[in-house]
Amino acid sequence: MVKNLPLHDIPSFLATEYDSLQLQEAVHLKEFYWKGHFMFLANKIKGIPFLTLSVLDVSGCTIPITDALLLLHLCPNLTLVALETIAQANRCDHWSDCPLELCEIPEVVLPQLQEMKITSNAPLLPLFERIQVGHSIHAIYLALDSEGMQDLCTALQALGCLPRVKTFRVQVCGNPDPSWEIVSLLRKFPSIRLLNHGE
């Protein structure tokens, strides 16, 4: 697990343009857990062996949809992904000074993905319509606010995996009433065995 220091706790010898954690030699790294500022991850952790990762867990930060897609595109062998928190681009820092447009991001293909955990303050349709998952996926856990709940059924249909998902959990943060979306999900995807929503 890598956890970044709060910015005020970074020693002066680390607070230079040359400080970084080099992971090029970690060729057998399978699981990567990050908690902290996304910009610190993007700019200070170098050489992450994305192709070998089966688990990617990024939390404690806000991630623009384009950066989330770019990150997932680099990790085609994931079996578990957890991203906290997806947000609108204007509410968070970007991976680079020249953020990409959605149309510039290649499609994300995750054929071995089994479990997805997403926290989002933004609608999921722009994320899910660019992700392709395989037949292994069996669980989706979502924590959403009112914006994240927008067009949830459409977003999940775009992801295209709900006929195979057995466990689906939606945690609703804030005041939206998700009942109509939940009923719609149950009608469209009868294969779901466990559907739970709550605060």
# chains A, B, ... in the order shown; residues from 1 in each chain; ligands from 1

$ residues_around --residues "A:Gln112" --least-positions-apart "4" --cutoff "9 Å" --atoms "only C-alpha atoms" --output "list in words"
Ser54, Pro76, Asn77, Leu78, Thr79, Leu80, Val133, Gly134, His135, Ser136 and Ile137 of chain A

$ write_last_selection --atoms "N, CA and C atoms" --output "PDB file, in the first residue's frame"
ATOM      1  N   SER A  54      -3.379  -6.805 -11.002  1.00  0.00           N
ATOM      2  CA  SER A  54      -4.695  -7.436 -10.990  1.00  0.00           C
ATOM      3  C   SER A  54      -5.649  -6.666 -10.077  1.00  0.00           C
ATOM      4  N   PRO A  76      -5.060  -3.540 -18.286  1.00  0.00           N
ATOM      5  CA  PRO A  76      -6.025  -4.451 -18.912  1.00  0.00           C
ATOM      6  C   PRO A  76      -6.233  -5.771 -18.182  1.00  0.00           C
ATOM      7  N   ASN A  77      -5.386  -6.083 -17.192  1.00  0.00           N
ATOM      8  CA  ASN A  77      -5.475  -7.383 -16.526  1.00  0.00           C
ATOM      9  C   ASN A  77      -6.103  -7.322 -15.138  1.00  0.00           C
ATOM     10  N   LEU A  78      -6.817  -6.253 -14.854  1.00  0.00           N
ATOM     11  CA  LEU A  78      -7.428  -6.103 -13.532  1.00  0.00           C
ATOM     12  C   LEU A  78      -8.525  -7.135 -13.301  1.00  0.00           C
ATOM     13  N   THR A  79      -8.557  -7.661 -12.070  1.00  0.00           N
ATOM     14  CA  THR A  79      -9.693  -8.462 -11.626  1.00  0.00           C
ATOM     15  C   THR A  79     -10.554  -7.665 -10.647  1.00  0.00           C
ATOM     16  N   LEU A  80      -9.942  -6.665  -9.978  1.00  0.00           N
ATOM     17  CA  LEU A  80     -10.679  -5.804  -9.061  1.00  0.00           C
ATOM     18  C   LEU A  80     -10.232  -4.368  -9.246  1.00  0.00           C
ATOM     19  N   VAL A 133     -16.222  -4.904 -20.354  1.00  0.00           N
ATOM     20  CA  VAL A 133     -15.819  -5.931 -19.396  1.00  0.00           C
ATOM     21  C   VAL A 133     -16.147  -7.304 -19.968  1.00  0.00           C
ATOM     22  N   GLY A 134     -15.460  -8.319 -19.444  1.00  0.00           N
ATOM     23  CA  GLY A 134     -15.669  -9.681 -19.924  1.00  0.00           C
ATOM     24  C   GLY A 134     -16.756 -10.406 -19.140  1.00  0.00           C
ATOM     25  N   HIS A 135     -16.749 -11.732 -19.236  1.00  0.00           N
ATOM     26  CA  HIS A 135     -17.785 -12.555 -18.618  1.00  0.00           C
ATOM     27  C   HIS A 135     -17.499 -12.873 -17.159  1.00  0.00           C
ATOM     28  N   SER A 136     -16.341 -12.453 -16.641  1.00  0.00           N
ATOM     29  CA  SER A 136     -15.974 -12.792 -15.265  1.00  0.00           C
ATOM     30  C   SER A 136     -16.609 -11.886 -14.224  1.00  0.00           C
ATOM     31  N   ILE A 137     -17.104 -10.744 -14.622  1.00  0.00           N
ATOM     32  CA  ILE A 137     -17.600  -9.787 -13.628  1.00  0.00           C
ATOM     33  C   ILE A 137     -18.834 -10.338 -12.914  1.00  0.00           C
TER      34      ILE A 137
END

$ residues_around --residues "A:Ala122" --least-positions-apart "4" --cutoff "7 Å" --atoms "only C-alpha atoms" --output "NGL selection string"
:A and (86-88 or 147-148)

$ closest_residue --among "A:Val27, A:Leu110, A:Leu56, A:Ile131" --to "A:Leu69" --atoms "only C-alpha atoms"
A:Ile131

$ atom_distance --atom1 "atom CA of A:Glu129" --atom2 "atom CA of A:Gln157"
8.5 Å

$ atom_distance --atom1 "atom CA of A:Pro106" --atom2 "atom CA of A:Phe50"
15.8 Å

$ residues_around --residues "stretch 32-34 of chain A" --least-positions-apart "2" --cutoff "10 Å" --atoms "only C-alpha atoms" --output "JSON, numbers by chain"
{"A": [1, 2, 3, 4, 29, 30, 36, 37, 38, 41, 48, 49, 50, 53, 54, 55, 56, 57, 58, 59, 60, 61, 81, 82, 83]}
